[in-house]
Amino acid sequence: MPSPEDASKFDSKQVFTTGEAAEICKLSQQTIIRCFDTGRLQGFRVPGSRFRRIPREGLLRFMRENGIPFDRLDGGKRRVLVVDDDQEIIDLFVDVFSRDNRLDVKTALTGYDAGVITEQFKPDLMILDYMLPDINGNVVCKTVRENSELRGMMIIIVSGVVNQDEIEGLLEAGADEFIKKPFNIDQLLKRVHAMLEL
């Protein structure tokens, strides 16, 4: 495991050099450069130079796609956003997830708030109530899936009032899983761990 200093030095960085990306991914710099040059690792060249730079989201996507552990980035924490208009459910998720030091949890009560937080927080996983006061879950799914920066984010829809046709529609809109309310929080937590490969 890296020391806290190793992890924390990359915590707030948004753009990485190929050397830093190599250190984070535990790969050679030449491998990182090759992946960059072939388009497997998204980034940009510094104007007027040959230097390559890799935005945080591009690096995260590359790590996700190649099964590279996140332990040198964000202290290895995986980001979860819980979106539900029921404060008791929000409190339950926060209580359970905050006990797991591998998870960083944020919450939203509306679809609008979820959109704003998603842009800033870049969750690895969203747990999304289907019936929000301002928007339906399938609209949130479609919006997320249309954003290339969020392509790797997983979505679990939770709801107590959805029929089979609507479930299929949600999966088509981009949800990865559907879980019916009321749910068993321990089983849901196990599912979250499995999806995040914890």
# chains A, B, ... in the order shown; residues from 1 in each chain; ligands from 1

call {"tool": "residues_around", "arguments": {"residues": "range 39-41 of chain A", "least_positions_apart": "3", "cutoff": "8 Å", "atoms": "only C-alpha atoms", "output": "ChimeraX atom specification"}}
result
/A:32,35-36,54,58-59,62

call {"tool": "residues_around", "arguments": {"residues": "range 21-23 of chain A", "least_positions_apart": "5", "cutoff": "12 Å", "atoms": "only C-alpha atoms", "output": "number ranges by chain"}}
result
A: 2, 6-7, 9-10, 13-16, 28-36, 41-43, 52-60, 62-63, 68, 70-73

call {"tool": "closest_residue", "arguments": {"among": "A:Leu170, A:Val144, A:Lys77, A:Leu188", "to": "Asp100 in chain A", "atoms": "only C-alpha atoms"}}
result
A:Lys77

call {"tool": "residues_around", "arguments": {"residues": "Met126 in chain A", "least_positions_apart": "2", "cutoff": "9 Å", "atoms": "only C-alpha atoms", "output": "MDAnalysis selection string"}}
result
chainID A and resid 79:83 118 123:124 128 153:157

call {"tool": "write_last_selection", "arguments": {"atoms": "N, CA and C atoms", "output": "mmCIF file, in the first residue's frame"}}
result
data_model
loop_
_atom_site.group_PDB
_atom_site.id
_atom_site.type_symbol
_atom_site.label_atom_id
_atom_site.label_comp_id
_atom_site.auth_asym_id
_atom_site.auth_seq_id
_atom_site.Cartn_x
_atom_site.Cartn_y
_atom_site.Cartn_z
ATOM 1 N N ARG A 79 -15.880 6.971 -5.322
ATOM 2 C CA ARG A 79 -16.888 8.011 -5.084
ATOM 3 C C ARG A 79 -18.291 7.507 -5.409
ATOM 4 N N VAL A 80 -19.196 7.674 -4.447
ATOM 5 C CA VAL A 80 -20.591 7.250 -4.611
ATOM 6 C C VAL A 80 -21.503 8.451 -4.384
ATOM 7 N N LEU A 81 -22.438 8.662 -5.314
ATOM 8 C CA LEU A 81 -23.447 9.706 -5.164
ATOM 9 C C LEU A 81 -24.801 9.041 -4.976
ATOM 10 N N VAL A 82 -25.491 9.386 -3.883
ATOM 11 C CA VAL A 82 -26.827 8.857 -3.600
ATOM 12 C C VAL A 82 -27.842 9.956 -3.893
ATOM 13 N N VAL A 83 -28.798 9.660 -4.783
ATOM 14 C CA VAL A 83 -29.808 10.642 -5.179
ATOM 15 C C VAL A 83 -31.178 10.097 -4.795
ATOM 16 N N THR A 118 -22.672 15.812 -9.818
ATOM 17 C CA THR A 118 -21.995 14.856 -10.699
ATOM 18 C C THR A 118 -20.879 15.526 -11.496
ATOM 19 N N PRO A 123 -18.677 10.928 -9.789
ATOM 20 C CA PRO A 123 -18.811 9.662 -9.045
ATOM 21 C C PRO A 123 -18.427 8.450 -9.882
ATOM 22 N N ASP A 124 -17.961 7.408 -9.194
ATOM 23 C CA ASP A 124 -17.757 6.114 -9.845
ATOM 24 C C ASP A 124 -19.083 5.380 -9.953
ATOM 25 N N LEU A 128 -29.604 5.902 -7.619
ATOM 26 C CA LEU A 128 -30.566 6.890 -8.102
ATOM 27 C C LEU A 128 -31.995 6.426 -7.890
ATOM 28 N N MET A 153 -19.099 5.819 -15.340
ATOM 29 C CA MET A 153 -19.879 5.825 -14.109
ATOM 30 C C MET A 153 -20.984 4.776 -14.160
ATOM 31 N N MET A 154 -21.139 4.025 -13.069
ATOM 32 C CA MET A 154 -22.198 3.018 -12.990
ATOM 33 C C MET A 154 -23.421 3.607 -12.298
ATOM 34 N N ILE A 155 -24.604 3.104 -12.663
ATOM 35 C CA ILE A 155 -25.850 3.626 -12.092
ATOM 36 C C ILE A 155 -26.708 2.471 -11.588
ATOM 37 N N ILE A 156 -27.092 2.560 -10.306
ATOM 38 C CA ILE A 156 -28.082 1.638 -9.743
ATOM 39 C C ILE A 156 -29.359 2.435 -9.510
ATOM 40 N N ILE A 157 -30.456 2.001 -10.124
ATOM 41 C CA ILE A 157 -31.764 2.632 -9.894
ATOM 42 C C ILE A 157 -32.460 1.891 -8.758
#

call {"tool": "closest_residue", "arguments": {"among": "A:Glu65, A:Glu166, A:Asp84, A:Glu177", "to": "Met131 in chain A", "atoms": "only C-alpha atoms"}}
result
A:Asp84

call {"tool": "select_by_dssp", "arguments": {"residues": "range 80-190 of chain A", "states": "alpha helix (DSSP H)", "output": "mmCIF file with C-alpha atoms, in the first residue's frame"}}
result
data_model
loop_
_atom_site.group_PDB
_atom_site.id
_atom_site.type_symbol
_atom_site.label_atom_id
_atom_site.label_comp_id
_atom_site.auth_asym_id
_atom_site.auth_seq_id
_atom_site.Cartn_x
_atom_site.Cartn_y
_atom_site.Cartn_z
ATOM 1 C CA GLN A 87 -34.139 12.130 3.701
ATOM 2 C CA GLU A 88 -34.413 8.936 5.777
ATOM 3 C CA ILE A 89 -33.036 6.861 2.869
ATOM 4 C CA ILE A 90 -30.262 9.410 2.313
ATOM 5 C CA ASP A 91 -29.381 9.228 6.027
ATOM 6 C CA LEU A 92 -29.353 5.410 5.907
ATOM 7 C CA PHE A 93 -26.938 5.330 2.948
ATOM 8 C CA VAL A 94 -24.678 7.971 4.511
ATOM 9 C CA ASP A 95 -24.619 6.082 7.825
ATOM 10 C CA VAL A 96 -23.753 2.740 6.190
ATOM 11 C CA PHE A 97 -21.349 3.999 3.500
ATOM 12 C CA GLY A 111 -32.238 15.511 -10.210
ATOM 13 C CA TYR A 112 -30.985 19.058 -10.685
ATOM 14 C CA ASP A 113 -28.705 18.847 -7.644
ATOM 15 C CA ALA A 114 -27.529 15.424 -8.838
ATOM 16 C CA GLY A 115 -26.451 16.961 -12.158
ATOM 17 C CA VAL A 116 -24.492 19.761 -10.489
ATOM 18 C CA ILE A 117 -22.781 17.439 -7.990
ATOM 19 C CA THR A 118 -21.995 14.856 -10.699
ATOM 20 C CA GLU A 119 -20.126 17.462 -12.753
ATOM 21 C CA GLN A 120 -17.923 18.390 -9.784
ATOM 22 C CA PHE A 121 -17.667 15.081 -7.889
ATOM 23 C CA GLY A 137 -34.485 8.541 -13.242
ATOM 24 C CA ASN A 138 -34.452 7.579 -16.916
ATOM 25 C CA VAL A 139 -33.856 11.233 -17.870
ATOM 26 C CA VAL A 140 -30.929 11.390 -15.442
ATOM 27 C CA CYS A 141 -29.563 8.129 -16.937
ATOM 28 C CA LYS A 142 -29.782 9.443 -20.490
ATOM 29 C CA THR A 143 -28.154 12.748 -19.535
ATOM 30 C CA VAL A 144 -25.274 10.952 -17.822
ATOM 31 C CA ARG A 145 -24.746 8.527 -20.715
ATOM 32 C CA GLN A 164 -41.246 -4.513 -15.732
ATOM 33 C CA ASP A 165 -41.602 -2.375 -18.897
ATOM 34 C CA GLU A 166 -40.255 0.654 -17.036
ATOM 35 C CA ILE A 167 -37.344 -1.400 -15.637
ATOM 36 C CA GLU A 168 -36.376 -2.440 -19.176
ATOM 37 C CA GLY A 169 -36.666 1.198 -20.276
ATOM 38 C CA LEU A 170 -34.340 2.268 -17.461
ATOM 39 C CA LEU A 171 -31.747 -0.348 -18.409
ATOM 40 C CA GLU A 172 -31.983 0.790 -22.031
ATOM 41 C CA ALA A 173 -31.558 4.420 -20.885
ATOM 42 C CA ILE A 185 -29.091 -2.486 2.876
ATOM 43 C CA ASP A 186 -26.464 -5.183 3.524
ATOM 44 C CA GLN A 187 -27.198 -6.887 0.202
ATOM 45 C CA LEU A 188 -27.154 -3.537 -1.586
ATOM 46 C CA LEU A 189 -23.806 -2.697 0.026
ATOM 47 C CA LYS A 190 -22.401 -6.044 -1.172
#

call {"tool": "closest_residue", "arguments": {"among": "A:Leu109, A:Arg50, A:Val192, A:Phe44", "to": "Pro133 in chain A", "atoms": "only C-alpha atoms"}}
result
A:Leu109

call {"tool": "closest_residue", "arguments": {"among": "A:Cys25, A:Val46, A:Leu125, A:Ile179", "to": "Arg151 in chain A", "atoms": "only C-alpha atoms"}}
result
A:Leu125

call {"tool": "select_by_dssp", "arguments": {"residues": "range 34-74 of chain A", "states": "strand (DSSP E)", "output": "ChimeraX atom specification"}}
result
/A:44-45,52-55

call {"tool": "atom_distance", "arguments": {"atom1": "CA of Ala108 in chain A", "atom2": "CA of Gly160 in chain A"}}
result
18.7 Å
